[in-house]
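Chemist: Below is the file protein_39.cif, which contains mmCIF, C-alpha atoms and all ligand atoms.
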```
data_my_file
#
loop_
_atom_site.label_atom_id
_atom_site.label_comp_id
_atom_site.auth_asym_id
_atom_site.auth_seq_id
_atom_site.Cartn_x
_atom_site.Cartn_y
_atom_site.Cartn_z
CA MET Q 1 261.21 -18.97 223.00
CA LEU Q 2 260.08 -15.48 222.01
CA PHE Q 3 257.03 -16.74 220.08
CA ASP Q 4 255.72 -18.80 222.98
CA THR Q 5 252.16 -17.61 223.68
CA GLU Q 6 252.23 -18.30 227.41
CA PRO Q 7 253.41 -15.42 229.62
CA LYS Q 8 257.20 -15.41 229.79
CA THR Q 9 258.64 -16.65 233.05
CA SER Q 10 262.33 -16.05 232.52
CA LEU Q 11 264.35 -12.93 231.70
CA SER Q 12 266.16 -14.87 228.99
CA ASP Q 13 262.84 -15.06 227.09
CA LEU Q 14 261.85 -11.47 227.74
CA PHE Q 15 262.53 -9.12 224.84
CA ASP Q 16 263.56 -5.56 225.72
CA ARG Q 17 261.87 -4.18 228.90
CA GLU Q 18 265.22 -3.81 230.72
CA GLU Q 19 264.13 -0.48 232.15
CA GLU Q 20 260.83 -1.84 233.39
CA VAL Q 21 262.53 -4.85 234.96
CA GLU Q 22 264.94 -2.57 236.84
CA LYS Q 23 262.09 -0.32 237.88
CA LEU Q 24 260.09 -3.23 239.22
CA LYS Q 25 263.11 -4.53 241.14
CA ARG Q 26 263.70 -1.13 242.71
CA GLY Q 27 260.09 -1.01 243.84
CA LEU Q 28 260.08 -4.32 245.67
CA ASN Q 29 260.69 -2.64 248.99
CA GLU Q 30 257.63 -0.47 248.63
CA ARG Q 31 254.26 -1.32 250.13
CA LEU Q 32 252.24 -1.21 246.92
CA ILE Q 33 253.25 -1.52 243.28
CA LEU Q 34 250.87 -1.05 240.36
CA VAL Q 35 251.84 -2.60 237.04
CA LEU Q 36 249.71 -0.99 234.36
CA GLY Q 37 249.12 -1.34 230.64
CA ILE Q 38 246.57 -2.55 228.12
CA ARG Q 39 245.84 -6.23 227.53
CA ARG Q 40 248.62 -8.35 225.98
CA ILE Q 41 251.29 -5.72 226.54
CA GLY Q 42 253.36 -8.00 228.80
CA LYS Q 43 252.44 -7.25 232.44
CA SER Q 44 252.29 -10.84 233.65
CA SER Q 45 255.47 -11.68 231.72
CA LEU Q 46 257.35 -8.77 233.25
CA ILE Q 47 256.43 -9.69 236.80
CA LEU Q 48 256.96 -13.44 236.52
CA SER Q 49 260.32 -13.08 234.74
CA THR Q 50 261.60 -10.47 237.17
CA LEU Q 51 260.56 -12.28 240.34
CA ASN Q 52 261.88 -15.61 239.06
CA SER Q 53 265.22 -14.00 238.24
CA LEU Q 54 265.60 -12.93 241.87
CA GLY Q 55 265.01 -16.45 243.13
CA ILE Q 56 262.67 -15.23 245.85
CA ASP Q 57 259.42 -16.76 247.00
CA TYR Q 58 256.29 -14.99 245.91
CA VAL Q 59 252.58 -15.59 245.51
CA PHE Q 60 250.88 -15.05 242.15
CA ILE Q 61 247.09 -14.91 241.98
CA ASP Q 62 245.40 -14.71 238.59
CA VAL Q 63 242.19 -12.93 239.54
CA ARG Q 64 240.58 -13.77 236.19
CA LYS Q 65 240.60 -17.39 237.26
CA VAL Q 66 238.53 -16.63 240.33
CA TYR Q 67 236.09 -14.36 238.52
CA ASP Q 68 233.00 -15.88 236.96
CA GLY Q 69 232.01 -13.83 233.91
CA VAL Q 70 228.47 -15.21 233.84
CA THR Q 71 227.49 -14.50 237.41
CA ARG Q 72 229.97 -11.59 237.59
CA LYS Q 73 231.13 -12.77 240.97
CA VAL Q 74 234.40 -13.57 242.66
CA TYR Q 75 234.35 -16.73 244.70
CA ILE Q 76 236.39 -16.76 247.85
CA GLU Q 77 236.94 -20.53 247.76
CA LYS Q 78 238.51 -20.17 244.34
CA LEU Q 79 240.58 -17.26 245.56
CA LEU Q 80 241.93 -19.34 248.44
CA GLU Q 81 242.60 -22.24 246.11
CA GLU Q 82 244.56 -19.96 243.81
CA ILE Q 83 246.57 -18.71 246.75
CA TYR Q 84 247.24 -22.20 248.05
CA SER Q 85 248.27 -23.57 244.68
CA SER Q 86 250.62 -20.65 244.33
CA LEU Q 87 252.06 -21.50 247.75
CA THR Q 88 252.91 -24.98 246.58
CA ARG Q 89 255.44 -23.43 244.23
CA LEU Q 90 257.29 -21.82 247.10
CA SER Q 91 260.65 -23.30 247.94
CA LYS Q 92 260.54 -23.23 251.73
CA LYS Q 93 257.68 -25.70 251.86
CA GLU Q 94 258.29 -27.17 255.27
CA TYR Q 95 258.62 -23.81 256.90
CA ILE Q 96 255.52 -22.56 255.14
CA ARG Q 97 253.56 -25.61 256.17
CA SER Q 98 254.55 -25.06 259.78
CA VAL Q 99 253.51 -21.42 259.73
CA PHE Q 100 250.17 -22.32 258.22
CA GLU Q 101 249.58 -25.14 260.63
CA LYS Q 102 250.26 -22.82 263.52
CA ILE Q 103 247.30 -20.69 262.46
CA GLY Q 104 245.12 -23.72 261.92
CA ILE Q 105 245.18 -24.02 258.15
CA GLU Q 106 246.26 -27.30 256.72
CA VAL Q 107 247.92 -27.01 253.34
CA GLU Q 108 247.21 -30.12 251.33
CA TYR Q 109 248.96 -31.09 248.12
CA PRO Q 110 247.47 -31.28 245.57
CA VAL Q 111 245.58 -28.23 246.61
CA LYS Q 112 242.11 -28.62 248.00
CA VAL Q 113 240.38 -26.01 250.03
CA ARG Q 114 237.62 -26.58 252.50
CA ILE Q 115 236.65 -23.46 254.29
CA ARG Q 116 235.86 -23.77 257.92
CA GLY Q 117 234.40 -20.66 259.45
CA GLU Q 118 234.20 -17.28 257.77
CA ALA Q 119 235.82 -16.99 254.35
CA LYS Q 120 237.25 -13.61 255.22
CA ASP Q 121 238.87 -14.95 258.39
CA ASN Q 122 240.57 -17.59 256.30
CA LEU Q 123 241.89 -14.98 253.92
CA SER Q 124 243.19 -12.89 256.82
CA LYS Q 125 244.89 -15.90 258.31
CA VAL Q 126 246.65 -16.76 255.09
CA PHE Q 127 247.97 -13.24 254.79
CA GLU Q 128 249.06 -13.19 258.42
CA ALA Q 129 251.03 -16.35 257.73
CA LEU Q 130 252.59 -14.84 254.60
CA ASN Q 131 253.42 -11.72 256.56
CA GLU Q 132 255.16 -13.75 259.21
CA ILE Q 133 257.17 -15.57 256.56
CA GLY Q 134 258.02 -12.21 255.01
CA LEU Q 135 259.16 -10.67 258.28
CA LYS Q 136 261.42 -13.62 259.04
CA LYS Q 137 262.70 -14.63 255.61
CA GLY Q 138 262.50 -11.47 253.54
CA LYS Q 139 259.53 -9.67 252.03
CA VAL Q 140 257.05 -11.81 250.14
CA PRO Q 141 255.68 -10.18 246.99
CA VAL Q 142 252.00 -11.04 246.57
CA VAL Q 143 250.78 -10.44 243.03
CA PHE Q 144 247.12 -9.99 242.19
CA ASP Q 145 247.07 -10.18 238.40
CA GLU Q 146 244.20 -8.24 236.80
CA THR Q 147 243.07 -6.90 240.16
CA GLN Q 148 240.18 -4.87 238.77
CA TYR Q 149 238.05 -8.02 238.74
CA LEU Q 150 238.10 -8.01 242.54
CA LYS Q 151 235.67 -5.14 242.41
CA TYR Q 152 233.03 -7.78 241.74
CA SER Q 153 233.72 -9.49 245.04
CA THR Q 154 230.99 -9.05 247.57
CA LEU Q 155 233.56 -9.37 250.33
CA GLY Q 156 234.64 -5.76 250.19
CA LEU Q 157 238.33 -6.43 249.78
CA ARG Q 158 239.48 -2.82 249.79
CA PRO Q 159 239.68 -2.50 253.59
CA PHE Q 160 241.57 -5.77 253.52
CA PHE Q 161 244.15 -4.35 251.12
CA ALA Q 162 244.39 -1.26 253.32
CA HIS Q 163 245.06 -3.49 256.30
CA ILE Q 164 247.83 -5.32 254.45
CA TYR Q 165 249.27 -1.98 253.38
CA ASP Q 166 249.30 -0.52 256.87
CA TYR Q 167 250.19 -3.47 259.07
CA MET Q 168 251.79 -6.26 257.10
CA LYS Q 169 255.31 -5.08 256.46
CA GLY Q 170 256.39 -8.54 255.39
CA ILE Q 171 254.28 -8.32 252.26
CA THR Q 172 254.71 -6.24 249.11
CA LEU Q 173 251.49 -5.99 247.15
CA ILE Q 174 251.86 -6.02 243.38
CA LEU Q 175 248.63 -5.30 241.56
CA THR Q 176 248.25 -5.37 237.80
CA GLY Q 177 245.44 -3.97 235.72
CA SER Q 178 244.56 -3.87 232.03
CA GLU Q 179 241.59 -1.75 232.87
CA VAL Q 180 243.60 0.93 234.56
CA GLY Q 181 240.72 3.22 235.38
CA LEU Q 182 238.68 0.41 236.87
CA LEU Q 183 241.64 -0.62 238.99
CA HIS Q 184 241.92 2.93 240.28
CA ASP Q 185 238.20 3.01 240.97
CA PHE Q 186 238.45 -0.21 242.93
CA LEU Q 187 241.44 0.91 245.01
CA GLY Q 188 240.33 4.52 245.38
CA LEU Q 189 243.86 5.78 246.05
CA ASP Q 190 242.69 9.27 245.16
CA ASP Q 191 239.23 8.98 246.64
CA PRO Q 192 238.82 10.42 250.16
CA LYS Q 193 236.08 7.88 250.85
CA SER Q 194 238.44 4.95 250.27
CA GLU Q 195 240.33 3.14 253.03
CA LEU Q 196 243.39 3.31 250.77
CA TYR Q 197 243.10 7.04 250.17
CA GLY Q 198 246.35 8.94 250.07
CA ARG Q 199 248.61 5.90 250.28
CA TYR Q 200 251.80 6.14 248.29
CA TYR Q 201 252.06 3.72 245.40
CA TYR Q 202 254.85 2.90 243.02
CA THR Q 203 253.96 2.52 239.35
CA VAL Q 204 255.46 0.54 236.50
CA GLU Q 205 253.74 1.31 233.23
CA LEU Q 206 254.10 -0.74 230.06
CA LYS Q 207 253.73 0.92 226.66
CA PRO Q 208 253.61 -0.72 223.22
CA PHE Q 209 256.93 -1.21 221.45
CA ASN Q 210 257.73 1.45 218.87
CA GLU Q 211 258.03 0.49 215.21
CA ASP Q 212 261.74 -0.32 215.31
CA LYS Q 213 261.44 -2.38 218.48
CA SER Q 214 258.47 -4.29 217.08
CA LYS Q 215 260.38 -5.17 213.91
CA GLU Q 216 263.42 -6.12 215.95
CA PHE Q 217 261.22 -8.37 218.10
CA LEU Q 218 259.94 -10.26 215.04
CA ARG Q 219 263.41 -10.55 213.48
CA ARG Q 220 264.81 -11.89 216.74
CA GLY Q 221 261.94 -14.36 217.12
CA PHE Q 222 262.40 -15.79 213.62
CA LYS Q 223 266.17 -15.89 214.02
CA GLU Q 224 265.75 -17.93 217.18
CA VAL Q 225 264.06 -20.71 215.20
CA ILE Q 226 266.34 -20.18 212.19
CA VAL Q 227 263.66 -19.15 209.75
CA GLU Q 228 264.38 -16.46 207.21
CA VAL Q 229 261.62 -13.94 206.72
CA LYS Q 230 261.49 -11.06 204.25
CA GLU Q 231 261.66 -7.52 205.61
CA SER Q 232 258.48 -6.72 203.71
CA VAL Q 233 256.58 -9.36 205.67
CA ILE Q 234 257.90 -8.01 208.95
CA GLY Q 235 257.04 -4.46 207.91
CA GLU Q 236 253.51 -5.46 206.94
CA ALA Q 237 252.91 -7.33 210.22
CA VAL Q 238 254.06 -4.38 212.33
CA LYS Q 239 251.98 -1.99 210.27
CA GLU Q 240 248.86 -4.07 210.88
CA LEU Q 241 249.46 -5.23 214.44
CA ASP Q 242 251.38 -2.33 215.95
CA GLY Q 243 253.65 -2.72 218.96
CA ILE Q 244 251.41 -4.91 221.08
CA VAL Q 245 253.68 -7.80 221.85
CA GLY Q 246 250.88 -10.32 222.41
CA TRP Q 247 249.70 -9.93 218.80
CA LEU Q 248 253.26 -10.00 217.45
CA VAL Q 249 253.88 -13.28 219.26
CA TYR Q 250 250.72 -14.68 217.79
CA PHE Q 251 251.70 -13.59 214.33
CA GLY Q 252 255.16 -15.14 214.68
CA LYS Q 253 253.74 -18.43 215.77
CA LEU Q 254 251.15 -18.57 212.98
CA TYR Q 255 253.66 -17.50 210.36
CA LEU Q 256 255.90 -20.39 211.31
CA GLU Q 257 252.96 -22.74 210.85
CA ARG Q 258 251.49 -21.54 207.58
CA LYS Q 259 253.26 -18.43 206.24
CA GLU Q 260 250.44 -17.28 203.96
CA GLY Q 261 247.64 -15.38 205.60
CA ALA Q 262 249.17 -15.23 209.08
CA ILE Q 263 248.33 -11.56 209.55
CA GLU Q 264 244.72 -12.12 208.52
CA GLU Q 265 244.48 -15.04 210.89
CA VAL Q 266 245.75 -13.00 213.83
CA LYS Q 267 243.17 -10.36 213.01
CA GLU Q 268 240.40 -12.94 212.81
CA ILE Q 269 241.24 -14.88 215.95
CA GLY Q 270 242.26 -11.72 217.76
CA SER Q 271 239.04 -9.95 216.96
CA ASN Q 272 237.04 -12.90 218.27
CA LEU Q 273 238.95 -12.62 221.51
CA VAL Q 274 238.39 -8.89 221.64
CA LYS Q 275 234.68 -9.37 220.95
CA GLU Q 276 234.41 -11.57 224.01
CA GLU Q 277 236.05 -8.83 226.03
CA LEU Q 278 233.66 -6.26 224.59
CA LYS Q 279 230.60 -8.30 225.54
CA GLU Q 280 230.62 -6.89 229.02
CA LEU Q 281 230.34 -3.42 227.53
CA GLU Q 282 227.37 -4.38 225.38
CA ILE Q 283 225.50 -5.59 228.42
CA ARG Q 284 226.02 -2.27 230.12
CA SER Q 285 224.85 -0.01 227.31
CA PRO Q 286 224.40 -0.18 223.52
CA PHE Q 287 226.19 3.13 223.14
CA TYR Q 288 229.62 1.83 224.00
CA LEU Q 289 229.96 -0.16 220.80
CA LEU Q 290 228.55 2.65 218.75
CA ILE Q 291 231.05 5.09 220.21
CA LEU Q 292 233.89 2.63 219.62
CA LYS Q 293 232.71 2.24 216.03
CA ALA Q 294 232.64 5.99 215.58
CA ILE Q 295 236.22 6.35 216.80
CA ALA Q 296 237.44 3.29 214.92
CA SER Q 297 235.98 4.38 211.60
CA LEU Q 298 237.27 7.94 211.93
CA GLY Q 299 240.74 6.84 213.04
CA LYS Q 300 241.11 9.82 215.32
CA ALA Q 301 238.02 11.58 216.53
CA LYS Q 302 237.23 14.78 218.36
CA TRP Q 303 234.33 14.86 220.78
CA LYS Q 304 232.10 16.58 218.23
CA ASN Q 305 232.88 14.04 215.50
CA ILE Q 306 231.76 11.26 217.80
CA MET Q 307 228.59 13.07 218.73
CA ASP Q 308 227.80 13.67 215.03
CA TYR Q 309 228.40 10.03 214.20
CA VAL Q 310 226.16 8.78 216.99
CA THR Q 311 223.43 11.25 216.07
CA ALA Q 312 223.59 10.33 212.39
CA THR Q 313 223.54 6.58 213.08
CA THR Q 314 220.80 6.48 215.67
CA GLY Q 315 218.79 9.45 214.47
CA ARG Q 316 218.81 10.97 217.92
CA LYS Q 317 221.15 13.13 219.91
CA VAL Q 318 222.77 11.68 222.98
CA ASN Q 319 222.90 13.74 226.07
CA ASN Q 320 226.32 15.49 226.42
CA ALA Q 321 226.84 14.16 229.91
CA THR Q 322 226.10 10.62 228.75
CA LEU Q 323 228.67 10.81 225.97
CA TYR Q 324 231.32 12.17 228.34
CA ARG Q 325 230.60 9.44 230.84
CA GLU Q 326 230.73 6.66 228.27
CA LEU Q 327 233.94 7.97 226.74
CA ASN Q 328 235.46 8.03 230.20
CA THR Q 329 234.44 4.46 230.87
CA LEU Q 330 235.96 3.35 227.57
CA MET Q 331 239.19 5.09 228.55
CA ASN Q 332 239.08 3.58 232.02
CA MET Q 333 238.82 0.15 230.47
CA GLY Q 334 241.76 0.75 228.20
CA PHE Q 335 239.83 0.47 224.93
CA ILE Q 336 240.47 4.05 223.86
CA GLU Q 337 242.91 6.81 224.72
CA LYS Q 338 242.83 10.56 224.39
CA VAL Q 339 245.75 12.43 222.86
CA ASP Q 340 245.51 16.18 222.27
CA GLU Q 341 241.71 16.33 222.45
CA GLU Q 342 241.43 13.43 220.02
CA TYR Q 343 240.23 9.99 220.90
CA ARG Q 344 241.59 6.84 219.32
CA VAL Q 345 241.37 3.11 219.77
CA THR Q 346 244.37 1.71 221.67
CA ASP Q 347 244.74 -1.53 219.76
CA PRO Q 348 244.43 -2.15 215.99
CA ILE Q 349 242.67 -5.47 216.63
CA ILE Q 350 239.96 -3.75 218.66
CA ARG Q 351 239.57 -1.40 215.75
CA TYR Q 352 239.31 -4.29 213.35
CA ALA Q 353 236.85 -6.13 215.59
CA VAL Q 354 234.37 -3.29 215.89
CA LEU Q 355 234.47 -2.42 212.20
CA LYS Q 356 234.06 -5.97 210.96
P1 LIG Q 401 249.51 -9.07 229.80
O1 LIG Q 401 249.72 -9.73 231.12
O2 LIG Q 401 249.85 -7.62 229.81
O3 LIG Q 401 248.15 -9.31 229.21
P2 LIG Q 401 251.32 -11.14 228.86
O4 LIG Q 401 252.45 -11.06 229.80
O5 LIG Q 401 250.34 -12.23 229.05
O6 LIG Q 401 250.56 -9.72 228.78
O7 LIG Q 401 251.93 -11.19 227.40
C1 LIG Q 401 251.14 -11.35 226.23
C2 LIG Q 401 251.92 -12.19 225.24
O8 LIG Q 401 253.11 -11.52 224.83
C3 LIG Q 401 252.39 -13.55 225.76
O9 LIG Q 401 252.39 -14.43 224.67
C4 LIG Q 401 253.82 -13.31 226.20
O10 LIG Q 401 254.60 -14.47 226.08
C5 LIG Q 401 254.27 -12.26 225.22
N1 LIG Q 401 255.22 -11.27 225.80
C6 LIG Q 401 254.91 -10.29 226.64
N2 LIG Q 401 255.98 -9.51 226.90
C7 LIG Q 401 257.00 -10.03 226.22
C8 LIG Q 401 258.37 -9.68 226.05
N3 LIG Q 401 258.89 -8.61 226.68
N4 LIG Q 401 259.14 -10.45 225.25
C9 LIG Q 401 258.61 -11.51 224.61
N5 LIG Q 401 257.33 -11.88 224.70
C10 LIG Q 401 256.52 -11.16 225.49
MG MG Q 402 248.37 -10.80 232.21
#
```
Take the structure in the file and give it back as structure tokens.
Ligand code: ADP
Ligand code: MG
Modeler:
Amino acid sequence: MLFDTEPKTSLSDLFDREEEVEKLKRGLNERLILVLGIRRIGKSSLILSTLNSLGIDYVFIDVRKVYDGVTRKVYIEKLLEEIYSSLTRLSKKEYIRSVFEKIGIEVEYPVKVRIRGEAKDNLSKVFEALNEIGLKKGKVPVVFDETQYLKYSTLGLRPFFAHIYDYMKGITLILTGSEVGLLHDFLGLDDPKSELYGRYYYTVELKPFNEDKSKEFLRRGFKEVIVEVKESVIGEAVKELDGIVGWLVYFGKLYLERKEGAIEEVKEIGSNLVKEELKELEIRSPFYLLILKAIASLGKAKWKNIMDYVTATTGRKVNNATLYRELNTLMNMGFIEKVDEEYRVTDPIIRYAVLK
């Protein structure tokens, strides 16, 4: 169902995105694929639906699940558990079990992980086993969803990714990131100091739907459940929520439940979600929110407009270098974008959340 709020897992539930699906399929022979786009744009859905449609075995690791927002750490036990529970979905269970047993890892169902020896050794062993499976039975895509959170791991996983890239030809790495800049910082593909420097990577980028597509998405979703909805309602929803499919899904679902006030409700609930995501920024520096507010209230803002706003609000001038740096971080995290020297907020709900 189109208005299902879980990530889609089947192409029959995936609206549009034919080009991106084909692009992802074509890339599956590469060493490294990056799937990029802001939150709720459909990255996880694209990957799951595409890989399921091919009927191949793959591993899907939701890095958010292994990241603890309070301690800001990534726990290796949790990472291994995620990997193991993903393995249980593989079809060639017996074969997989035998490969894992050969390297001394017992896969128990339901998944329980007890680490013996060094955590990193365990991780290497798992990947060696996956590689072996890939070499014998066809490449195994290994997806790290929202990879940027791995930068909080104390294990130093970048050399590990470089090792997979260089030596494990049975594995295709698929990394997604909502915080595109942070993902790039973590991987360092363009940073001479990084182990991954200069490696070729294949990119699939997801953009919001345009106005027509967004309207078509809502019409199709309502048609699927045989509910008639006025064009004016659809127009209003798209005007307020833009082409971010995650919000459109949410609207569709709420509209089916209560009709009146569905848009407002999406904005309310959505902005609470966004506020949680912005918390991390607040901890880092009070200026981030102020800058976001400046851009949000101006709609589109040039560098000077932002500086004026911050100066007027705080009564003191921020250092130029500081403002540049903070704007860059906001862009890296996908909260704002820069088009023709003007900054704007990428998502109307973020805009709503900071202005509320
Ligand atoms: P991301 O991984 O980029 O944050 P998700 O894949 O979780 O995004 O999608 C966000 C929401 O939008 C989910 O409810 C999902 O079901 C829905 N969705 C994403 N892409 C599509 C699509 N192409 N067609 C229908 N629903 C989609
Ligand atoms: Mg996702």
Chemist: Within 7 Å of ligand LIG 401 (chain Q) (counting only C-alpha atoms and all ligand atoms), which residues show up? I'd like them as a list in words.
Modeler: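 Checking only C-alpha atoms and all ligand atoms against ligand LIG 401 (chain Q) at 7 Å gives Leu2, Phe3, Asp4, Thr5, Glu6, Pro7, Lys8, Asp13, Leu14, Phe15, Asp16, Arg17, Gly37, Ile38, Arg39, Arg40, Ile41, Gly42, Lys43, Ser44, Ser45, Leu46, Ser178, Val245, Gly246 and Val249 of chain Q.
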Chemist: Measuring between all atoms listed in the file, which one of Q:Glu118, Q:Gly134, Q:Leu281, Q:Val266 shows the shortest distance to Thr172 of chain Q?
Modeler: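 Looking at the shortest contact to Thr172 of chain Q, the residue is Q:Gly134.
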Chemist: Excluding segment 254-262 of chain Q and any residue of its chain fewer than 2 positions from it, enumerate the residues within 10 Å of it, using only C-alpha atoms, and give them as a list in words.
Modeler: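 Contacts, with the query itself left out: Phe3, Phe222, Val225, Val227, Val229, Val233, Ala237, Leu248, Val249, Tyr250, Phe251, Gly252, Glu264, Glu265, Val266, Lys267 and Glu268 of chain Q.
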Chemist: Restricting the calculation to all atoms listed in the file: of Q:Lys275, Q:Asp340, Q:Lys213, Q:Gly55, which residue gets closest to Leu355 of chain Q?
Modeler: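 Among the listed residues, the smallest separation from Leu355 of chain Q belongs to Q:Lys275.
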Chemist: So, with only C-alpha atoms and all ligand atoms as the atoms that count, which of Q:Glu179, Q:Asp308, Q:Asp212, Q:Glu282 lies closest to ligand MG 402 (chain Q)?
Modeler: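 Checking each candidate against ligand MG 402 (chain Q), we get Q:Glu179 as the closest.
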Chemist: Near segment 193-210 of chain Q, counting only C-alpha atoms, which residues have an atom at most 7 Å away, once you skip same-chain residues fewer than 6 positions from it, shown as a list in words?
Modeler: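 Contacts, in chain order: Glu20, Lys23, Leu24, Gly27, Leu32, Ile33, Leu34, Val35, Leu36, Gly37, Ile41, Arg158, Pro159, Ala162, Leu187, Gly243 and Ile244 of chain Q.
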Chemist: With a distance cut-off of 8 Å and only C-alpha atoms, select the neighbouring residues of Tyr152 of chain Q, excluding the residue or stretch itself and same-chain residues fewer than 4 positions from it, and output the selection as a PyMOL selection string.
Modeler: chain Q and resi 67+72-74
Chemist: Keeping C-alpha atoms for every residue in the selection just given, could you write it to a file as an mmCIF file, in the coordinates of the input?
Modeler:
```cif
data_model
loop_
_atom_site.group_PDB
_atom_site.id
_atom_site.type_symbol
_atom_site.label_atom_id
_atom_site.label_comp_id
_atom_site.auth_asym_id
_atom_site.auth_seq_id
_atom_site.Cartn_x
_atom_site.Cartn_y
_atom_site.Cartn_z
ATOM 1 C CA TYR Q 67 236.090 -14.360 238.520
ATOM 2 C CA ARG Q 72 229.970 -11.590 237.590
ATOM 3 C CA LYS Q 73 231.130 -12.770 240.970
ATOM 4 C CA VAL Q 74 234.400 -13.570 242.660
#
```
